[in-house]
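See structure below.
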Amino acid sequence: MAEGSSNDAGKGKNIIEDKDFEREFMYKDEMQLEFVFNVGHVKNFELSMPYRAQLTNDKWNLFLRVPYFEDILLQFLKEEEDVKEGLPVTVYDKGGHEFPMMLKKFHKDSVSYYVLNRGWFNFCDQKRLQENDVVALRTFRHAITDKLSFVVTFTKMR
């Protein structure tokens with residue numbers, strides 16, 4: 001499969017191999033989450049551990065690998081929510097800005113993956129994210145709407 005394809009997505013290629021880098025990344029990631037907690041978006045303060053991915057050259061889609069992402073997602077997904085059909089979600093940045101997106105699960109050949117799209121390009125464009133930047137995606141339920149939501153923090157690698 002070609003570079004940047006779904007097989008590479010979410011693999012974390014070339015990231016977090018250095019323990020000092022991992023500690024620094026985790027610290028920066030935690031500091032970026034303060035706003036989301038302070039404004040009360042997170043229902044019952046239940047926020048997943050981060051799912052990290054290094055961005056590919058595809059700014060239209062964020063590919064999330066099964067089983068890594070699925071292990072996190074299933075803790076928050078309701079039985080009646082069908083990601084195979086596509087599930088509208090809200091993604092928040094570190095400042096609490098909302099980005100409506102779609103989360104879908106795809107199966108191609110023997111590979112399954114989730115895709116966050118229909119708004120991912122806008123998020124990347126506004127944040128000036130580029131290939132090789134690292135994003136950390138955390139899952140939660142919105143405290144008021146009970147809607148499946150994500151907060152995305154990032155580290156620029158250039």
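Identifiers for the structure tokens are assigned positionally: chains receive A, B, ... in sequence, residues are indexed from 1 per chain, and ligands are indexed from 1 in the order shown.
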Assign secondary structure with DSSP using the backbone only, and return the residues of range 27-151 of chain A in strand (DSSP E) as a compact mmCIF listing (two decimals) with all heavy atoms, in the first residue's frame.
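Output below, filename selection32.txt:
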```
# COMPACT_ATOMS: atom_id res chain seq x y z
N TYR A 51 -5.35 9.10 21.47
CA TYR A 51 -4.99 8.29 20.31
C TYR A 51 -4.14 9.21 19.45
O TYR A 51 -4.60 10.26 19.02
CB TYR A 51 -6.24 7.85 19.55
CG TYR A 51 -5.90 7.18 18.24
CD1 TYR A 51 -5.64 5.81 18.18
CD2 TYR A 51 -5.80 7.92 17.07
CE1 TYR A 51 -5.29 5.20 16.99
CE2 TYR A 51 -5.46 7.32 15.87
CZ TYR A 51 -5.21 5.97 15.84
OH TYR A 51 -4.86 5.37 14.66
N ARG A 52 -2.89 8.84 19.23
CA ARG A 52 -1.99 9.70 18.47
C ARG A 52 -1.81 9.19 17.05
O ARG A 52 -1.76 7.99 16.82
CB ARG A 52 -0.63 9.76 19.15
CG ARG A 52 -0.65 10.59 20.41
CD ARG A 52 0.74 10.71 20.99
NE ARG A 52 0.66 11.06 22.38
CZ ARG A 52 0.44 10.21 23.36
NH1 ARG A 52 0.31 8.94 23.12
NH2 ARG A 52 0.36 10.62 24.60
N ALA A 53 -1.69 10.15 16.15
CA ALA A 53 -1.43 9.82 14.75
C ALA A 53 -0.54 10.89 14.15
O ALA A 53 -0.67 12.07 14.46
CB ALA A 53 -2.74 9.73 13.97
N GLN A 54 0.35 10.44 13.31
CA GLN A 54 1.18 11.36 12.55
C GLN A 54 0.48 11.59 11.23
O GLN A 54 0.10 10.64 10.54
CB GLN A 54 2.58 10.81 12.35
CG GLN A 54 3.54 11.84 11.81
CD GLN A 54 4.98 11.42 12.04
OE1 GLN A 54 5.27 10.24 12.19
NE2 GLN A 54 5.87 12.39 12.08
N LEU A 62 -8.71 11.99 8.28
CA LEU A 62 -7.83 11.48 9.32
C LEU A 62 -8.18 10.01 9.48
O LEU A 62 -9.29 9.66 9.88
CB LEU A 62 -8.03 12.21 10.64
CG LEU A 62 -7.19 11.68 11.81
CD1 LEU A 62 -5.69 11.81 11.51
CD2 LEU A 62 -7.54 12.40 13.10
N PHE A 63 -7.24 9.14 9.12
CA PHE A 63 -7.45 7.70 9.21
C PHE A 63 -7.06 7.23 10.61
O PHE A 63 -5.98 7.55 11.10
CB PHE A 63 -6.61 6.97 8.15
CG PHE A 63 -7.08 7.24 6.75
CD1 PHE A 63 -6.46 8.21 5.99
CD2 PHE A 63 -8.14 6.54 6.22
CE1 PHE A 63 -6.90 8.48 4.69
CE2 PHE A 63 -8.59 6.79 4.93
CZ PHE A 63 -7.96 7.77 4.17
N LEU A 64 -7.96 6.46 11.22
CA LEU A 64 -7.78 5.98 12.59
C LEU A 64 -7.81 4.46 12.56
O LEU A 64 -8.81 3.87 12.16
CB LEU A 64 -8.90 6.53 13.48
CG LEU A 64 -9.09 8.06 13.38
CD1 LEU A 64 -10.43 8.47 13.93
CD2 LEU A 64 -7.96 8.77 14.09
N ARG A 65 -6.75 3.84 12.98
CA ARG A 65 -6.59 2.39 12.81
C ARG A 65 -7.35 1.57 13.83
O ARG A 65 -7.39 1.88 15.00
CB ARG A 65 -5.12 2.04 12.88
CG ARG A 65 -4.37 2.63 11.70
CD ARG A 65 -2.97 2.18 11.70
NE ARG A 65 -2.93 0.73 11.74
CZ ARG A 65 -2.11 0.00 11.03
NH1 ARG A 65 -1.25 0.58 10.25
NH2 ARG A 65 -2.11 -1.30 11.12
N LEU A 87 -21.44 8.85 11.42
CA LEU A 87 -21.95 9.44 12.64
C LEU A 87 -21.47 10.88 12.74
O LEU A 87 -20.26 11.13 12.77
CB LEU A 87 -21.44 8.63 13.84
CG LEU A 87 -21.91 9.01 15.21
CD1 LEU A 87 -23.43 8.83 15.34
CD2 LEU A 87 -21.20 8.14 16.25
N PRO A 88 -22.40 11.85 12.76
CA PRO A 88 -21.97 13.24 12.95
C PRO A 88 -21.35 13.42 14.33
O PRO A 88 -21.91 12.95 15.33
CB PRO A 88 -23.27 14.04 12.84
CG PRO A 88 -24.28 13.11 12.27
CD PRO A 88 -23.84 11.73 12.62
N VAL A 89 -20.19 14.03 14.39
CA VAL A 89 -19.49 14.27 15.64
C VAL A 89 -19.03 15.73 15.66
O VAL A 89 -19.01 16.40 14.64
CB VAL A 89 -18.28 13.33 15.82
CG1 VAL A 89 -18.72 11.87 15.89
CG2 VAL A 89 -17.25 13.53 14.73
N THR A 90 -18.66 16.18 16.84
CA THR A 90 -18.08 17.50 16.97
C THR A 90 -16.65 17.36 17.46
O THR A 90 -16.39 16.63 18.42
CB THR A 90 -18.88 18.38 17.94
OG1 THR A 90 -20.23 18.47 17.48
CG2 THR A 90 -18.29 19.77 18.05
N VAL A 91 -15.74 18.03 16.79
CA VAL A 91 -14.34 18.05 17.19
C VAL A 91 -14.05 19.44 17.74
O VAL A 91 -14.46 20.45 17.17
CB VAL A 91 -13.42 17.74 15.98
CG1 VAL A 91 -11.96 17.97 16.35
CG2 VAL A 91 -13.64 16.32 15.50
N TYR A 92 -13.38 19.48 18.88
CA TYR A 92 -13.00 20.73 19.52
C TYR A 92 -11.50 20.89 19.46
O TYR A 92 -10.75 19.92 19.58
CB TYR A 92 -13.44 20.74 20.99
CG TYR A 92 -14.93 20.73 21.16
CD1 TYR A 92 -15.64 19.54 21.21
CD2 TYR A 92 -15.64 21.93 21.25
CE1 TYR A 92 -17.01 19.53 21.35
CE2 TYR A 92 -17.02 21.92 21.40
CZ TYR A 92 -17.69 20.72 21.45
OH TYR A 92 -19.06 20.72 21.57
N GLU A 98 -15.55 24.74 17.79
CA GLU A 98 -16.22 23.54 17.29
C GLU A 98 -16.00 23.35 15.79
O GLU A 98 -16.07 24.30 15.02
CB GLU A 98 -17.72 23.63 17.54
CG GLU A 98 -18.09 23.69 18.99
CD GLU A 98 -19.59 23.76 19.21
OE1 GLU A 98 -20.37 23.56 18.25
OE2 GLU A 98 -19.98 24.02 20.35
N PHE A 99 -15.80 22.09 15.41
CA PHE A 99 -15.65 21.71 14.02
C PHE A 99 -16.54 20.49 13.79
O PHE A 99 -16.21 19.40 14.24
CB PHE A 99 -14.19 21.34 13.69
CG PHE A 99 -13.24 22.49 13.82
CD1 PHE A 99 -12.71 22.84 15.06
CD2 PHE A 99 -12.87 23.22 12.71
CE1 PHE A 99 -11.83 23.89 15.19
CE2 PHE A 99 -11.98 24.28 12.83
CZ PHE A 99 -11.47 24.62 14.07
N PRO A 100 -17.68 20.67 13.10
CA PRO A 100 -18.53 19.52 12.82
C PRO A 100 -17.85 18.60 11.80
O PRO A 100 -17.27 19.07 10.83
CB PRO A 100 -19.81 20.13 12.24
CG PRO A 100 -19.49 21.53 11.92
CD PRO A 100 -18.24 21.91 12.61
N MET A 101 -17.90 17.30 12.08
CA MET A 101 -17.27 16.32 11.19
C MET A 101 -18.11 15.05 11.15
O MET A 101 -19.12 14.94 11.81
CB MET A 101 -15.85 15.98 11.68
CG MET A 101 -14.90 17.15 11.63
SD MET A 101 -13.21 16.66 11.95
CE MET A 101 -12.48 18.24 12.33
N MET A 102 -17.64 14.11 10.36
CA MET A 102 -18.30 12.81 10.22
C MET A 102 -17.28 11.73 10.57
O MET A 102 -16.13 11.79 10.14
CB MET A 102 -18.79 12.62 8.79
CG MET A 102 -19.55 11.35 8.55
SD MET A 102 -21.16 11.29 9.33
CE MET A 102 -22.05 12.54 8.44
N LEU A 103 -17.72 10.75 11.36
CA LEU A 103 -16.90 9.59 11.68
C LEU A 103 -17.52 8.37 11.02
O LEU A 103 -18.71 8.11 11.20
CB LEU A 103 -16.84 9.38 13.20
CG LEU A 103 -16.03 8.18 13.68
CD1 LEU A 103 -14.54 8.37 13.38
CD2 LEU A 103 -16.24 7.94 15.17
N LYS A 104 -16.74 7.67 10.22
CA LYS A 104 -17.23 6.47 9.52
C LYS A 104 -16.22 5.34 9.67
O LYS A 104 -15.02 5.58 9.78
CB LYS A 104 -17.41 6.75 8.03
CG LYS A 104 -18.66 7.52 7.69
CD LYS A 104 -18.82 7.63 6.19
CE LYS A 104 -19.80 6.58 5.74
NZ LYS A 104 -20.27 6.75 4.37
N LYS A 105 -16.76 4.12 9.63
CA LYS A 105 -15.90 2.94 9.64
C LYS A 105 -15.97 2.30 8.27
O LYS A 105 -17.05 2.12 7.71
CB LYS A 105 -16.35 1.94 10.70
CG LYS A 105 -15.42 0.75 10.82
CD LYS A 105 -15.81 -0.16 11.96
CE LYS A 105 -14.80 -1.29 12.11
NZ LYS A 105 -15.17 -2.18 13.23
N PHE A 106 -14.80 1.97 7.73
CA PHE A 106 -14.70 1.35 6.41
C PHE A 106 -14.00 0.01 6.52
O PHE A 106 -13.16 -0.19 7.38
CB PHE A 106 -13.89 2.24 5.46
CG PHE A 106 -14.59 3.49 5.05
CD1 PHE A 106 -14.36 4.68 5.73
CD2 PHE A 106 -15.45 3.50 3.98
CE1 PHE A 106 -14.98 5.85 5.35
CE2 PHE A 106 -16.09 4.66 3.59
CZ PHE A 106 -15.86 5.84 4.28
N HIS A 107 -14.35 -0.86 5.60
CA HIS A 107 -13.66 -2.14 5.44
C HIS A 107 -13.20 -2.22 3.99
O HIS A 107 -14.02 -2.05 3.08
CB HIS A 107 -14.59 -3.32 5.73
CG HIS A 107 -15.14 -3.33 7.10
ND1 HIS A 107 -14.42 -3.72 8.20
CD2 HIS A 107 -16.34 -2.96 7.58
CE1 HIS A 107 -15.15 -3.61 9.28
NE2 HIS A 107 -16.33 -3.15 8.93
N LYS A 108 -11.93 -2.42 3.78
CA LYS A 108 -11.40 -2.58 2.43
C LYS A 108 -10.48 -3.78 2.44
O LYS A 108 -9.50 -3.80 3.18
CB LYS A 108 -10.65 -1.32 1.99
CG LYS A 108 -10.18 -1.39 0.56
CD LYS A 108 -9.53 -0.10 0.13
CE LYS A 108 -9.07 -0.23 -1.30
NZ LYS A 108 -8.41 0.99 -1.76
N VAL A 111 -8.70 -5.03 5.65
CA VAL A 111 -8.33 -3.94 6.54
C VAL A 111 -9.57 -3.12 6.93
O VAL A 111 -10.38 -2.77 6.07
CB VAL A 111 -7.29 -3.00 5.87
CG1 VAL A 111 -6.95 -1.83 6.75
CG2 VAL A 111 -6.05 -3.79 5.50
N SER A 112 -9.69 -2.85 8.22
CA SER A 112 -10.76 -1.97 8.72
C SER A 112 -10.11 -0.72 9.28
O SER A 112 -9.03 -0.77 9.87
CB SER A 112 -11.55 -2.65 9.82
OG SER A 112 -12.23 -3.77 9.34
N TYR A 113 -10.79 0.40 9.12
CA TYR A 113 -10.30 1.65 9.68
C TYR A 113 -11.45 2.63 9.82
O TYR A 113 -12.49 2.49 9.19
CB TYR A 113 -9.17 2.25 8.82
CG TYR A 113 -9.53 2.43 7.37
CD1 TYR A 113 -10.03 3.64 6.91
CD2 TYR A 113 -9.36 1.39 6.45
CE1 TYR A 113 -10.36 3.81 5.58
CE2 TYR A 113 -9.70 1.56 5.12
CZ TYR A 113 -10.20 2.77 4.69
OH TYR A 113 -10.54 2.93 3.38
N TYR A 114 -11.25 3.59 10.70
CA TYR A 114 -12.19 4.68 10.88
C TYR A 114 -11.64 5.90 10.16
O TYR A 114 -10.42 6.05 10.05
CB TYR A 114 -12.36 5.01 12.36
CG TYR A 114 -13.08 3.94 13.14
CD1 TYR A 114 -12.39 2.88 13.71
CD2 TYR A 114 -14.46 3.99 13.28
CE1 TYR A 114 -13.05 1.90 14.42
CE2 TYR A 114 -15.13 3.00 13.99
CZ TYR A 114 -14.42 1.97 14.56
OH TYR A 114 -15.08 1.00 15.26
N VAL A 115 -12.53 6.75 9.71
CA VAL A 115 -12.13 7.98 9.05
C VAL A 115 -12.90 9.14 9.66
O VAL A 115 -14.12 9.08 9.81
CB VAL A 115 -12.40 7.94 7.52
CG1 VAL A 115 -12.06 9.27 6.88
CG2 VAL A 115 -11.61 6.82 6.87
N LEU A 116 -12.17 10.17 10.00
CA LEU A 116 -12.77 11.42 10.44
C LEU A 116 -12.64 12.37 9.27
O LEU A 116 -11.53 12.65 8.81
CB LEU A 116 -12.01 11.93 11.67
CG LEU A 116 -12.65 13.00 12.52
CD1 LEU A 116 -14.02 12.56 13.03
CD2 LEU A 116 -11.75 13.32 13.70
N ASN A 117 -13.78 12.82 8.73
CA ASN A 117 -13.73 13.69 7.56
C ASN A 117 -14.89 14.69 7.59
O ASN A 117 -15.46 14.92 8.63
CB ASN A 117 -13.70 12.89 6.26
CG ASN A 117 -14.89 11.98 6.10
OD1 ASN A 117 -15.92 12.13 6.73
ND2 ASN A 117 -14.76 11.00 5.22
N VAL A 134 1.91 15.84 14.53
CA VAL A 134 1.32 14.78 15.36
C VAL A 134 0.07 15.32 16.04
O VAL A 134 0.11 16.38 16.67
CB VAL A 134 2.32 14.29 16.42
CG1 VAL A 134 1.70 13.22 17.30
CG2 VAL A 134 3.58 13.75 15.74
N VAL A 135 -1.03 14.59 15.89
CA VAL A 135 -2.28 14.96 16.56
C VAL A 135 -2.58 13.93 17.64
O VAL A 135 -2.20 12.77 17.53
CB VAL A 135 -3.47 15.06 15.57
CG1 VAL A 135 -3.25 16.18 14.58
CG2 VAL A 135 -3.74 13.75 14.88
N ALA A 136 -3.23 14.40 18.68
CA ALA A 136 -3.71 13.52 19.75
C ALA A 136 -5.22 13.73 19.84
O ALA A 136 -5.70 14.85 20.02
CB ALA A 136 -3.04 13.85 21.08
N LEU A 137 -5.94 12.67 19.68
CA LEU A 137 -7.40 12.69 19.63
C LEU A 137 -7.93 12.04 20.91
O LEU A 137 -7.55 10.91 21.22
CB LEU A 137 -7.86 11.90 18.40
CG LEU A 137 -9.31 11.86 18.05
CD1 LEU A 137 -9.69 13.15 17.33
CD2 LEU A 137 -9.57 10.68 17.13
N ARG A 138 -8.78 12.76 21.64
CA ARG A 138 -9.39 12.21 22.85
C ARG A 138 -10.90 12.22 22.68
O ARG A 138 -11.48 13.20 22.23
CB ARG A 138 -9.01 13.03 24.07
CG ARG A 138 -7.54 12.91 24.41
CD ARG A 138 -7.23 13.80 25.60
NE ARG A 138 -5.83 13.80 25.90
CZ ARG A 138 -5.30 13.18 26.94
NH1 ARG A 138 -6.05 12.50 27.76
NH2 ARG A 138 -4.01 13.24 27.16
N THR A 139 -11.51 11.13 23.07
CA THR A 139 -12.94 10.93 22.91
C THR A 139 -13.67 11.28 24.20
O THR A 139 -13.17 11.01 25.29
CB THR A 139 -13.21 9.45 22.55
OG1 THR A 139 -12.37 9.08 21.48
CG2 THR A 139 -14.66 9.23 22.19
N PHE A 140 -14.88 11.86 24.05
CA PHE A 140 -15.73 12.12 25.20
C PHE A 140 -17.17 12.32 24.75
O PHE A 140 -17.44 12.43 23.56
CB PHE A 140 -15.23 13.34 26.00
CG PHE A 140 -15.34 14.66 25.29
CD1 PHE A 140 -16.42 15.50 25.49
CD2 PHE A 140 -14.34 15.08 24.42
CE1 PHE A 140 -16.51 16.73 24.85
CE2 PHE A 140 -14.41 16.30 23.77
CZ PHE A 140 -15.50 17.13 23.99
N ARG A 141 -18.07 12.37 25.70
CA ARG A 141 -19.47 12.72 25.47
C ARG A 141 -19.66 14.14 25.95
O ARG A 141 -19.18 14.51 27.02
CB ARG A 141 -20.41 11.79 26.25
CG ARG A 141 -20.51 10.44 25.64
CD ARG A 141 -21.71 10.39 24.74
NE ARG A 141 -21.66 9.18 23.94
CZ ARG A 141 -22.26 9.06 22.79
NH1 ARG A 141 -22.98 10.04 22.31
NH2 ARG A 141 -22.18 7.96 22.10
N LEU A 148 -21.36 12.34 20.81
CA LEU A 148 -19.98 11.87 20.73
C LEU A 148 -19.12 13.01 20.21
O LEU A 148 -19.43 13.64 19.20
CB LEU A 148 -19.88 10.66 19.79
CG LEU A 148 -18.52 10.00 19.72
CD1 LEU A 148 -18.17 9.33 21.05
CD2 LEU A 148 -18.48 8.98 18.60
N SER A 149 -18.03 13.27 20.92
CA SER A 149 -17.18 14.41 20.60
C SER A 149 -15.72 14.04 20.77
O SER A 149 -15.39 13.04 21.41
CB SER A 149 -17.51 15.60 21.51
OG SER A 149 -18.87 15.94 21.43
N PHE A 150 -14.86 14.87 20.21
CA PHE A 150 -13.42 14.68 20.31
C PHE A 150 -12.76 16.01 20.57
O PHE A 150 -13.25 17.05 20.11
CB PHE A 150 -12.85 14.11 19.01
CG PHE A 150 -13.45 12.81 18.60
CD1 PHE A 150 -14.51 12.76 17.70
CD2 PHE A 150 -12.97 11.61 19.11
CE1 PHE A 150 -15.07 11.56 17.33
CE2 PHE A 150 -13.54 10.40 18.73
CZ PHE A 150 -14.59 10.37 17.85
N VAL A 151 -11.67 15.98 21.28
CA VAL A 151 -10.80 17.15 21.36
C VAL A 151 -9.50 16.74 20.72
O VAL A 151 -8.96 15.66 20.98
CB VAL A 151 -10.62 17.68 22.81
CG1 VAL A 151 -10.00 16.64 23.72
CG2 VAL A 151 -9.82 18.95 22.82
```
Calculate how many Å separate CA of Phe154 in chain A from CA of Asn122 in chain A, rounding to one decimal.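 That distance, rounded to one decimal, is 15.0 Å.
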Residue with smallest distance to Asp133 in chain A - pool A:Lys147, A:Met157, A:Asp82, A:Leu73, counting only C-alpha atoms: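 So, comparing all the options, the nearest one is A:Met157.
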Atom-to-atom span, CA of Val152 in chain A and CA of Lys59 in chain A, Å: 14.7 Å
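Atom pair CA of Asp58 in chain A / CA of Glu131 in chain A has a distance of 7.9 Å (rounded to one decimal).
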DSSP-assigned helix (DSSP H, G or I) among range 69-136 of chain A, expressed as an mmCIF file with all heavy atoms, in the first residue's frame:
```cif
data_model
loop_
_atom_site.group_PDB
_atom_site.id
_atom_site.type_symbol
_atom_site.label_atom_id
_atom_site.label_comp_id
_atom_site.auth_asym_id
_atom_site.auth_seq_id
_atom_site.Cartn_x
_atom_site.Cartn_y
_atom_site.Cartn_z
ATOM 1 N N PHE A 69 -7.728 2.603 17.771
ATOM 2 C CA PHE A 69 -8.762 3.617 17.983
ATOM 3 C C PHE A 69 -10.062 2.987 18.454
ATOM 4 O O PHE A 69 -10.760 3.529 19.297
ATOM 5 C CB PHE A 69 -8.985 4.421 16.695
ATOM 6 C CG PHE A 69 -10.063 5.449 16.838
ATOM 7 C CD1 PHE A 69 -9.860 6.581 17.605
ATOM 8 C CD2 PHE A 69 -11.289 5.277 16.220
ATOM 9 C CE1 PHE A 69 -10.859 7.526 17.759
ATOM 10 C CE2 PHE A 69 -12.291 6.217 16.361
ATOM 11 C CZ PHE A 69 -12.079 7.347 17.130
ATOM 12 N N GLU A 70 -10.390 1.824 17.928
ATOM 13 C CA GLU A 70 -11.655 1.175 18.277
ATOM 14 C C GLU A 70 -11.726 0.830 19.764
ATOM 15 O O GLU A 70 -12.791 0.936 20.379
ATOM 16 C CB GLU A 70 -11.840 -0.085 17.431
ATOM 17 C CG GLU A 70 -13.225 -0.671 17.535
ATOM 18 C CD GLU A 70 -13.450 -1.709 16.456
ATOM 19 O OE1 GLU A 70 -12.741 -2.732 16.456
ATOM 20 O OE2 GLU A 70 -14.345 -1.481 15.626
ATOM 21 N N ASP A 71 -10.609 0.435 20.343
ATOM 22 C CA ASP A 71 -10.585 0.150 21.775
ATOM 23 C C ASP A 71 -11.019 1.368 22.585
ATOM 24 O O ASP A 71 -11.712 1.246 23.590
ATOM 25 C CB ASP A 71 -9.186 -0.285 22.221
ATOM 26 C CG ASP A 71 -8.804 -1.655 21.684
ATOM 27 O OD1 ASP A 71 -9.693 -2.404 21.245
ATOM 28 O OD2 ASP A 71 -7.597 -1.969 21.711
ATOM 29 N N ILE A 72 -10.622 2.538 22.158
ATOM 30 C CA ILE A 72 -11.000 3.783 22.829
ATOM 31 C C ILE A 72 -12.451 4.124 22.513
ATOM 32 O O ILE A 72 -13.254 4.420 23.401
ATOM 33 C CB ILE A 72 -10.075 4.937 22.391
ATOM 34 C CG1 ILE A 72 -8.647 4.685 22.875
ATOM 35 C CG2 ILE A 72 -10.597 6.277 22.894
ATOM 36 C CD1 ILE A 72 -7.610 5.607 22.268
ATOM 37 N N LEU A 73 -12.808 4.083 21.242
ATOM 38 C CA LEU A 73 -14.135 4.497 20.793
ATOM 39 C C LEU A 73 -15.256 3.683 21.438
ATOM 40 O O LEU A 73 -16.273 4.239 21.845
ATOM 41 C CB LEU A 73 -14.229 4.394 19.269
ATOM 42 C CG LEU A 73 -15.565 4.791 18.651
ATOM 43 C CD1 LEU A 73 -15.843 6.274 18.885
ATOM 44 C CD2 LEU A 73 -15.573 4.472 17.176
ATOM 45 N N TRP A 120 -12.448 17.793 8.404
ATOM 46 C CA TRP A 120 -11.050 17.618 8.786
ATOM 47 C C TRP A 120 -10.148 18.575 8.017
ATOM 48 O O TRP A 120 -9.214 19.149 8.571
ATOM 49 C CB TRP A 120 -10.607 16.169 8.584
ATOM 50 C CG TRP A 120 -9.196 15.956 9.019
ATOM 51 C CD1 TRP A 120 -8.132 15.686 8.233
ATOM 52 C CD2 TRP A 120 -8.690 16.045 10.354
ATOM 53 N NE1 TRP A 120 -6.980 15.598 8.980
ATOM 54 C CE2 TRP A 120 -7.295 15.818 10.296
ATOM 55 C CE3 TRP A 120 -9.263 16.316 11.594
ATOM 56 C CZ2 TRP A 120 -6.484 15.843 11.428
ATOM 57 C CZ3 TRP A 120 -8.453 16.335 12.723
ATOM 58 C CH2 TRP A 120 -7.091 16.102 12.628
ATOM 59 N N PHE A 121 -10.445 18.779 6.741
ATOM 60 C CA PHE A 121 -9.635 19.714 5.942
ATOM 61 C C PHE A 121 -9.694 21.115 6.554
ATOM 62 O O PHE A 121 -8.662 21.784 6.683
ATOM 63 C CB PHE A 121 -10.116 19.762 4.486
ATOM 64 C CG PHE A 121 -9.342 20.742 3.650
ATOM 65 C CD1 PHE A 121 -8.146 20.369 3.061
ATOM 66 C CD2 PHE A 121 -9.793 22.038 3.478
ATOM 67 C CE1 PHE A 121 -7.410 21.275 2.309
ATOM 68 C CE2 PHE A 121 -9.060 22.952 2.726
ATOM 69 C CZ PHE A 121 -7.871 22.565 2.141
ATOM 70 N N ASN A 122 -10.877 21.562 6.929
ATOM 71 C CA ASN A 122 -11.045 22.884 7.536
ATOM 72 C C ASN A 122 -10.232 22.993 8.830
ATOM 73 O O ASN A 122 -9.577 24.003 9.077
ATOM 74 C CB ASN A 122 -12.531 23.148 7.803
ATOM 75 C CG ASN A 122 -12.793 24.549 8.272
ATOM 76 O OD1 ASN A 122 -12.131 25.494 7.872
ATOM 77 N ND2 ASN A 122 -13.778 24.681 9.143
ATOM 78 N N PHE A 123 -10.268 21.951 9.639
ATOM 79 C CA PHE A 123 -9.496 21.939 10.887
ATOM 80 C C PHE A 123 -7.999 22.067 10.578
ATOM 81 O O PHE A 123 -7.312 22.905 11.157
ATOM 82 C CB PHE A 123 -9.781 20.654 11.674
ATOM 83 C CG PHE A 123 -9.085 20.596 13.003
ATOM 84 C CD1 PHE A 123 -9.678 21.149 14.125
ATOM 85 C CD2 PHE A 123 -7.841 19.987 13.129
ATOM 86 C CE1 PHE A 123 -9.031 21.106 15.359
ATOM 87 C CE2 PHE A 123 -7.205 19.928 14.344
ATOM 88 C CZ PHE A 123 -7.798 20.493 15.465
ATOM 89 N N CYS A 124 -7.506 21.229 9.681
ATOM 90 C CA CYS A 124 -6.079 21.259 9.321
ATOM 91 C C CYS A 124 -5.674 22.606 8.743
ATOM 92 O O CYS A 124 -4.605 23.133 9.065
ATOM 93 C CB CYS A 124 -5.759 20.158 8.311
ATOM 94 S SG CYS A 124 -5.770 18.506 9.012
ATOM 95 N N ASP A 125 -6.536 23.157 7.909
ATOM 96 C CA ASP A 125 -6.251 24.443 7.277
ATOM 97 C C ASP A 125 -6.175 25.565 8.319
ATOM 98 O O ASP A 125 -5.238 26.351 8.324
ATOM 99 C CB ASP A 125 -7.318 24.743 6.229
ATOM 100 C CG ASP A 125 -6.963 25.923 5.363
ATOM 101 O OD1 ASP A 125 -5.824 25.979 4.849
ATOM 102 O OD2 ASP A 125 -7.830 26.821 5.204
ATOM 103 N N GLN A 126 -7.149 25.622 9.217
ATOM 104 C CA GLN A 126 -7.165 26.673 10.237
ATOM 105 C C GLN A 126 -5.999 26.550 11.213
ATOM 106 O O GLN A 126 -5.483 27.553 11.699
ATOM 107 C CB GLN A 126 -8.485 26.663 10.998
ATOM 108 C CG GLN A 126 -9.615 27.252 10.204
ATOM 109 C CD GLN A 126 -10.851 27.478 11.048
ATOM 110 O OE1 GLN A 126 -10.781 27.664 12.251
ATOM 111 N NE2 GLN A 126 -11.999 27.460 10.401
ATOM 112 N N LYS A 127 -5.584 25.336 11.494
ATOM 113 C CA LYS A 127 -4.487 25.108 12.446
ATOM 114 C C LYS A 127 -3.133 25.042 11.753
ATOM 115 O O LYS A 127 -2.106 24.858 12.408
ATOM 116 C CB LYS A 127 -4.713 23.812 13.239
ATOM 117 C CG LYS A 127 -6.036 23.748 13.947
ATOM 118 C CD LYS A 127 -6.201 24.910 14.875
ATOM 119 C CE LYS A 127 -7.603 25.003 15.410
ATOM 120 N NZ LYS A 127 -7.897 26.274 16.006
#
```
